[in-house]
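Comments concern the structure below.
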Amino acid sequence: MQELWVYVEALEDGVENVSLEVMGKGLELAAKKGMECSAVVVGWGLDKVVNELRGYNLSRVYYVADELLKTFDSSTFSKSLHQLVETYQPAAILFGATYNGTDVAARLAIRTGAGMIAHVVALDIEEDTGMLVGDVPGFGGNIVAACKCRPSVLQLVTVRHGIFNPPEKGESPKAEVIHFKPQLEKTDAKVRLVERKVEPRKEISRAELVVIAGMGTGGDLTPIRKLAEKIGADVAVTRPLADMGAAPRDVQIGSTGYSLKSRLAIVAGVSGAIHFVSGIRDVKTVISINTDKEAPIFQFSDYCVVGDLFKIIPRLVEML
Amino acid sequence: METVLNNGEPVGIASLCFQCGACTANCPLNINDGTRMNPRKILRKLQLGLKPDVDPFMCMMCMACEWVCPRGVKILDVIRYFRVEAYRANRTPEKLVQALWNIYEEGNPWGYPSKDRGKWSSGLQIRERAKTLLYVGCITSYDIRLQKIARNIVRLLTDSGVEVAVLGGRERCCGDTIYNAGETDFLEELIEDNIKQFKETDAETIITVSPHCNNMIKNVYPRYGGDFEVFHYTEYLNNLLEVGKLQIPQRYNGEKVTYHDPCYLGRYMNIFEEPRKLLEHVKGIELVEMKLNKAVSLCCGGGGGHILFESKPDERPSNIRVRQAAETCAKTLVTSCPYCIINFEDSVKMQKLGMQVADLTEILSGL
Amino acid sequence: MKIVVCVKVVPKIEEVRFNPETKTVDRSKASNEINEADKNALEAALQIKQKIGGEVVVLSMGPPFFEPFLKLCVAMGADDAVLISDPVLAAADTYATSYVLAQAIKRIGFDLVLCGESTADSGTGQVPPQIAEWLNIPNISYASHIDVVNKKMIVKRTIRNGYEIVETEPPALVSVELGSNTPRFPDFKRKRWVDKEFQLKVWTAAQLGVDLDKVGRRGSKTDVIELKELSPIERRREIITGSEEEIAVRLADIIKAELTT
């Protein structure tokens, strides 16, 4: 039976969320086509992760382990994965479109001559051919191309985070664990890790969902924070509010602050002067709330509400 | 030191200084405690053949120093010299380097799409060729709040029988930001391209909206072959007023307004009376003066490239300026520079002063 | 150190139009610019050259209109520029593109290859690791800082919520994070010389010497089967009216739809 693999990226404490999301979709597509779905983990000292993965309805969990794979290096990881692919010959491999995942998949694509469909936001499988069809956003996300690999021994797809849902866990651990020792030389590992620091850094420019407060809030961010918490968004402010100290400068939006590339920005109490709007230019959907119907912000919004944010936002939070 | 200015080396300029310190006392950067900018010291070091320790980009180029100098020392030329030197040594602030790229790629220092530049005039029928060209400028073209000013000027001119053309989407930055950044070669190309473009519209007279653009086109462009008659809109409209041609709606209800003299209009171009004459012509307006008016006007903080930078709230002269305006009990603070308007609206909002900030054309057009 | 910087010229995104009838992307009226992240890569290369000396060569694969942009890179400080231009190379996916670039890099010779993290138009981020695989060298992606000390490269790279510092030796490929530095503005005096005197190298597929089965449409491993527009570039400006309740309900619907897309 043909196999669809899901490449699972391990972290210090568990796995990347996107790997589970991809697994959810992988299991669904495999079932649709009558294929088996298995997970692949590459690394060292990941027995706990591998064991936990068995709890999902996978057929197998391949564990590619070697001490040289202890830290990430796209060369060693793709070389090892290539050897696994040659041994077990999957039909397709799905990756989360993380920095590391993309590097591994890309190198594997060259090694195997496989097609690679990048950071898809939708994915389906053709029942007759078993070919995957992925929707690839381009040109700033406004134009989407449906892409397919050319017939080959393998198909590779990377999937954007936040698109699919993680799978439900199975009743009891059923998946077989296959240990695989890759053939690696010490000279293969050319990238050495010197230091790694994970610090919860506020990177507002990479936030996907943002609620922005302007002077219309008078500096009172309570309704803004409640809304942000409800939808899992970051809170940002305009320059005058950062001046007032209502929020730190590293969440200030505008030409002298940061620019957003979010999917959604809810802009409350902001008039929309030009030095602010340049910061939301690349946001996919903008919802604005302002009491002034002439406020320039409405020219730069997709949905415009002329109203009092202190009344509307609490109601909105109730509805969500 | 290399000569980069028309008027001679900075050492030559400094030789006139007799160290009275009036410049430093008058600098808006020194208005709060401490001396952040010390032109007197800079000039002294130059006189002694030493290298001054100065961040030339801190200066707002407001000319308050030059105006009070009893010896007429061209202090801004010295600042500009150091900016050019800093640019060549790669010490230009990042924001200005980004602004240079933006002007090169999109025709404005903020990088707003060049395809949107002409949108301010949508709905208005304006010619592309005439003897009089209205040069709108970057921020006025793109900012929704400021676009009204350009539309007002077009209406005021056409109602007064003036045939005016605009470049619309083809207009590019006047180069003021490049000048501020200390870059000289791209500036030359841009100015030459602009002059060619102006000539292609048959322009003999150019009216500007921003005093910054005015300074560039009137004072700098002639060095590169630009020979147009250049007026700021306040001058031009005042000329129309004096020959009885200016048509303005004159309804106002005894409102008090006060007028702020923008640095680049007042001190740079000696234009103090024209805006006032225009305001006085509007029936029902009561014009009151605030302190530090006319030649000693306090800078809003937007010049010298500062409109692109972030600043600490307690270091913004516009905060003080709007309080001075509020002290007159005027309902509206009127001015005639887009940077001043942006800074004042910000300061009024931040300090919750409840005043309105308006451009002169908005008063003339009945707001 | 000899550094090759890969550069792509991309259309200005806001000027690209989607034709819903023909379902094609119309770039014909869009003006072009150097891909922003590639400027960061070039700046990183120039900083390394300033520190330890060497040569910086910019490389691109594309139609002839790429030339003035490569010349602009030379005006920024690059020493040489190579353009691989040939109709047979067009419509390439990342597999075919990376193959061609890798062959060119081999021909030019290098110690280090720098790329921008991804391009503004397709944004796959695949070409840098793929070039590295063709050249059989290590790749380090999303570098925010590169230091070359004693023939060793110390690279700080961005990871989610933090950073890593890794080390390797040349030959290697590093892709540079967007916005990790401020690209210097071109020297316009140098640009005048470049525009008048400088000749960049333009190689056809034959001159480069590539396997035609691996290039262009023929050599690609993926195909676009359909184009769809996701959302228009102009803002909708839809006004939502009604009672507070009604507005809240509508907004909640919009937000929920956005969260599940």
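Simple scheme: letters A, B, ... for chains in structure tokens order, numbers from 1 for residues in each chain, numbers from 1 for ligands in the order shown.
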
Worksheet item: chain A residues within 7 Å of chain B, counting only C-alpha atoms: which ones, as a ChimeraX atom specification?
Response: /A:240,243,256,273-274,296

Discussion item. Using only C-alpha atoms, which protein or nucleic acid residues come within 9 Å of Arg160 (chain A)? Drop anything in the same chain fewer than 3 positions from it, and give the result as a list in words.
Written reply: Val18, Val22, Gly96, Ala97, Thr98, Ala118, His119, Val120, Val121, Ile163 and Phe164 of chain A

Emit the selected residues as a PDB file, in the first residue's frame, including N, CA and C atoms.
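Dumped everything to out-v6.pdb:
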ATOM      1  N   VAL A  18       2.571  23.141  13.845  1.00  0.00           N
ATOM      2  CA  VAL A  18       2.250  22.969  12.434  1.00  0.00           C
ATOM      3  C   VAL A  18       2.421  21.509  12.006  1.00  0.00           C
ATOM      4  N   VAL A  22      -0.410  19.479  10.051  1.00  0.00           N
ATOM      5  CA  VAL A  22      -0.147  18.788   8.788  1.00  0.00           C
ATOM      6  C   VAL A  22      -0.538  17.316   8.921  1.00  0.00           C
ATOM      7  N   GLY A  96       5.617  20.861   7.528  1.00  0.00           N
ATOM      8  CA  GLY A  96       5.163  22.201   7.919  1.00  0.00           C
ATOM      9  C   GLY A  96       6.134  23.182   7.287  1.00  0.00           C
ATOM     10  N   ALA A  97       5.631  24.322   6.806  1.00  0.00           N
ATOM     11  CA  ALA A  97       6.513  25.283   6.127  1.00  0.00           C
ATOM     12  C   ALA A  97       7.249  26.146   7.145  1.00  0.00           C
ATOM     13  N   THR A  98       8.027  25.467   7.992  1.00  0.00           N
ATOM     14  CA  THR A  98       8.856  26.199   8.952  1.00  0.00           C
ATOM     15  C   THR A  98      10.181  26.504   8.262  1.00  0.00           C
ATOM     16  N   ALA A 118       4.993  24.739  -2.427  1.00  0.00           N
ATOM     17  CA  ALA A 118       5.392  25.528  -1.255  1.00  0.00           C
ATOM     18  C   ALA A 118       4.264  26.155  -0.461  1.00  0.00           C
ATOM     19  N   HIS A 119       4.393  26.162   0.839  1.00  0.00           N
ATOM     20  CA  HIS A 119       3.524  26.800   1.848  1.00  0.00           C
ATOM     21  C   HIS A 119       2.056  26.896   1.425  1.00  0.00           C
ATOM     22  N   VAL A 120       1.460  25.727   1.184  1.00  0.00           N
ATOM     23  CA  VAL A 120       0.081  25.728   0.696  1.00  0.00           C
ATOM     24  C   VAL A 120      -0.906  26.170   1.757  1.00  0.00           C
ATOM     25  N   VAL A 121      -1.991  26.756   1.306  1.00  0.00           N
ATOM     26  CA  VAL A 121      -3.072  27.140   2.207  1.00  0.00           C
ATOM     27  C   VAL A 121      -4.313  26.272   1.986  1.00  0.00           C
ATOM     28  N   ILE A 163      -3.453  26.561   9.137  1.00  0.00           N
ATOM     29  CA  ILE A 163      -4.440  26.291   8.086  1.00  0.00           C
ATOM     30  C   ILE A 163      -5.292  25.067   8.437  1.00  0.00           C
ATOM     31  N   PHE A 164      -4.632  23.986   8.819  1.00  0.00           N
ATOM     32  CA  PHE A 164      -5.354  22.742   9.096  1.00  0.00           C
ATOM     33  C   PHE A 164      -5.455  22.477  10.589  1.00  0.00           C
TER      34      PHE A 164
END

Discussion item. Taking only C-alpha atoms into account, name the residue in B:Leu360, B:Ala99, B:Val11, B:Leu156 that is nearest to chain C.
Written reply: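 Looking only at the distances to chain C, the closest residue turns out to be B:Ala99.
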
Discussion item. Using only C-alpha atoms and a cut-off of 7 Å, which residues of chain C sit close to chain A? Please list them as an NGL selection string.
Written reply: :C and (13 or 95 or 120-124 or 126 or 129-130 or 133 or 138-139 or 161-168 or 221-233 or 235-241 or 244-245 or 248-249 or 252 or 261)

Practice prompt. With a distance threshold of 8 Å and counting only C-alpha atoms, extract the residues of chain C near chain B and express them as an MDAnalysis selection string.
Written response: chainID C and resid 14:15 33 182:185 187:189

Take the residues from that selection and put them in a file with C-alpha atoms, as a compact mmCIF listing (two decimals), in the first residue's frame.
# COMPACT_ATOMS: atom_id res chain seq x y z
CA GLU C 14 0.64 46.48 -5.77
CA GLU C 15 0.92 47.01 -9.53
CA GLU C 33 12.40 46.58 -8.31
CA THR C 182 19.89 48.77 6.01
CA PRO C 183 21.01 48.36 2.40
CA ARG C 184 23.31 51.20 1.40
CA PHE C 185 22.03 53.59 -1.21
CA ASP C 187 26.78 55.64 -5.14
CA PHE C 188 25.40 57.72 -7.97
CA LYS C 189 28.83 58.89 -9.07

Discussion item. Rounded to one decimal, what separation in Å do you get between CA of Pro317 (chain B) and CA of Asp33 (chain B)?
Written reply: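 CA of Asp33 (chain B) lies 12.9 Å from CA of Pro317 (chain B).
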
DSSP on the backbone: what in region 302-350 of chain B comes out helix (DSSP H, G or I), as an mmCIF file with N, CA and C atoms, in the first residue's frame?
data_model
loop_
_atom_site.group_PDB
_atom_site.id
_atom_site.type_symbol
_atom_site.label_atom_id
_atom_site.label_comp_id
_atom_site.auth_asym_id
_atom_site.auth_seq_id
_atom_site.Cartn_x
_atom_site.Cartn_y
_atom_site.Cartn_z
ATOM 1 N N HIS B 306 13.543 65.604 10.142
ATOM 2 C CA HIS B 306 12.982 65.048 11.370
ATOM 3 C C HIS B 306 11.584 64.495 11.235
ATOM 4 N N ILE B 307 10.880 64.905 10.197
ATOM 5 C CA ILE B 307 9.524 64.391 10.016
ATOM 6 C C ILE B 307 9.547 62.870 9.838
ATOM 7 N N LEU B 308 10.712 62.320 9.461
ATOM 8 C CA LEU B 308 10.835 60.878 9.260
ATOM 9 C C LEU B 308 11.258 60.125 10.520
ATOM 10 N N PRO B 313 8.575 62.120 23.403
ATOM 11 C CA PRO B 313 7.481 63.093 23.499
ATOM 12 C C PRO B 313 7.890 64.397 24.164
ATOM 13 N N ASP B 314 8.729 64.312 25.211
ATOM 14 C CA ASP B 314 9.038 65.564 25.892
ATOM 15 C C ASP B 314 10.115 66.362 25.168
ATOM 16 N N GLU B 315 10.521 65.873 23.990
ATOM 17 C CA GLU B 315 11.508 66.635 23.240
ATOM 18 C C GLU B 315 10.918 67.232 21.989
ATOM 19 N N PRO B 317 9.246 70.170 20.136
ATOM 20 C CA PRO B 317 8.882 71.589 20.280
ATOM 21 C C PRO B 317 7.428 71.854 19.926
ATOM 22 N N SER B 318 6.816 71.002 19.083
ATOM 23 C CA SER B 318 5.426 71.254 18.712
ATOM 24 C C SER B 318 4.524 71.160 19.932
ATOM 25 N N ASN B 319 4.912 70.376 20.942
ATOM 26 C CA ASN B 319 4.114 70.311 22.168
ATOM 27 C C ASN B 319 4.037 71.668 22.835
ATOM 28 N N ILE B 320 5.192 72.344 22.868
ATOM 29 C CA ILE B 320 5.222 73.681 23.477
ATOM 30 C C ILE B 320 4.477 74.671 22.603
ATOM 31 N N ARG B 321 4.676 74.541 21.296
ATOM 32 C CA ARG B 321 4.078 75.497 20.371
ATOM 33 C C ARG B 321 2.561 75.505 20.459
ATOM 34 N N VAL B 322 1.940 74.317 20.549
ATOM 35 C CA VAL B 322 0.478 74.311 20.586
ATOM 36 C C VAL B 322 -0.032 74.860 21.921
ATOM 37 N N ARG B 323 0.776 74.703 22.967
ATOM 38 C CA ARG B 323 0.360 75.307 24.243
ATOM 39 C C ARG B 323 0.400 76.832 24.128
ATOM 40 N N GLN B 324 1.419 77.339 23.424
ATOM 41 C CA GLN B 324 1.493 78.790 23.207
ATOM 42 C C GLN B 324 0.277 79.266 22.411
ATOM 43 N N ALA B 325 -0.156 78.431 21.455
ATOM 44 C CA ALA B 325 -1.331 78.792 20.666
ATOM 45 C C ALA B 325 -2.564 78.797 21.548
ATOM 46 N N ALA B 326 -2.676 77.777 22.412
ATOM 47 C CA ALA B 326 -3.839 77.671 23.290
ATOM 48 C C ALA B 326 -3.925 78.867 24.234
ATOM 49 N N GLU B 327 -2.772 79.382 24.629
ATOM 50 C CA GLU B 327 -2.749 80.533 25.548
ATOM 51 C C GLU B 327 -3.416 81.765 24.958
ATOM 52 N N PRO B 338 2.642 71.615 5.585
ATOM 53 C CA PRO B 338 2.054 70.302 5.927
ATOM 54 C C PRO B 338 2.760 69.602 7.095
ATOM 55 N N TYR B 339 4.059 69.772 7.238
ATOM 56 C CA TYR B 339 4.750 69.130 8.365
ATOM 57 C C TYR B 339 4.285 69.735 9.685
ATOM 58 N N CYS B 340 4.122 71.076 9.691
ATOM 59 C CA CYS B 340 3.637 71.743 10.906
ATOM 60 C C CYS B 340 2.252 71.210 11.283
ATOM 61 N N ILE B 341 1.408 71.046 10.263
ATOM 62 C CA ILE B 341 0.049 70.581 10.542
ATOM 63 C C ILE B 341 0.076 69.201 11.175
ATOM 64 N N ILE B 342 0.872 68.307 10.615
ATOM 65 C CA ILE B 342 0.968 66.952 11.172
ATOM 66 C C ILE B 342 1.453 66.988 12.612
ATOM 67 N N ASN B 343 2.507 67.739 12.852
ATOM 68 C CA ASN B 343 3.075 67.798 14.210
ATOM 69 C C ASN B 343 2.127 68.444 15.196
ATOM 70 N N PHE B 344 1.468 69.521 14.766
ATOM 71 C CA PHE B 344 0.563 70.206 15.695
ATOM 72 C C PHE B 344 -0.660 69.350 16.001
ATOM 73 N N GLU B 345 -1.205 68.680 15.001
ATOM 74 C CA GLU B 345 -2.385 67.847 15.255
ATOM 75 C C GLU B 345 -2.041 66.746 16.250
ATOM 76 N N ASP B 346 -0.843 66.188 16.080
ATOM 77 C CA ASP B 346 -0.355 65.178 17.016
ATOM 78 C C ASP B 346 -0.256 65.732 18.436
ATOM 79 N N SER B 347 0.370 66.918 18.550
ATOM 80 C CA SER B 347 0.594 67.523 19.875
ATOM 81 C C SER B 347 -0.709 67.941 20.538
ATOM 82 N N VAL B 348 -1.649 68.442 19.734
ATOM 83 C CA VAL B 348 -2.943 68.856 20.284
ATOM 84 C C VAL B 348 -3.676 67.637 20.826
ATOM 85 N N LYS B 349 -3.612 66.551 20.047
ATOM 86 C CA LYS B 349 -4.290 65.318 20.458
ATOM 87 C C LYS B 349 -3.674 64.771 21.732
ATOM 88 N N MET B 350 -2.357 64.732 21.761
ATOM 89 C CA MET B 350 -1.656 64.161 22.901
ATOM 90 C C MET B 350 -1.907 64.928 24.177
#

Item to complete: Using backbone DSSP assignments, extract all strand (DSSP E) residues from region 94-204 of chain A; output them as number ranges by chain.
Response: A: 94-96, 115-120, 122-125, 132-138, 143-149, 155-159, 176-180, 192-198

Item to complete: Give me the residues within 10 Å of Cys329 (chain B) as a PyMOL selection string, counting only C-alpha atoms and dropping any in the same chain fewer than 5 places off.
Response: chain B and resi 256-258+288+290+324+355

Could you write those residues out with C-alpha atoms, as a PDB file, in the first residue's frame?
ATOM      1  CA  LYS B 256     -10.388  83.701  16.988  1.00  0.00           C
ATOM      2  CA  VAL B 257      -7.534  82.188  15.082  1.00  0.00           C
ATOM      3  CA  THR B 258      -3.827  82.395  15.588  1.00  0.00           C
ATOM      4  CA  VAL B 288      -4.512  87.051  17.452  1.00  0.00           C
ATOM      5  CA  MET B 290       0.924  84.131  19.897  1.00  0.00           C
ATOM      6  CA  GLN B 324       1.493  78.790  23.207  1.00  0.00           C
ATOM      7  CA  MET B 355      -7.933  73.187  19.472  1.00  0.00           C
TER       8      MET B 355
END

Practice prompt. Find the spatial neighbours of Ser85 (chain C), counting only C-alpha atoms, within a cut-off of 10 Å - ignore same-chain residues fewer than 2 positions away - and output them as a PyMOL selection string.
Written response: chain C and resi 60-67+82-83+87-90+202-205+208

Discussion item. Between CA of Gln47 (chain C) and CA of Trp134 (chain C), what distance in Å does the model show, to one decimal?
Written reply: 26.5 Å

Discussion item. So, with only C-alpha atoms as the atoms that count, which of A:Gly45, A:Gly216, A:Gly101, A:Gly170 lies closest to Ser141 (chain C)?
Written reply: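 Selected residue with least distance to Ser141 (chain C): A:Gly101.
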
Discussion item. List the spatial neighbours of region 207-211 of chain B as an MDAnalysis selection string - criterion: any atom at most 9 Å away, only C-alpha atoms, same-chain residues fewer than 6 positions off excluded.
Written reply: chainID B and resid 132:137 140 149:150 153 217 229:236 262:265 268:269 336:339
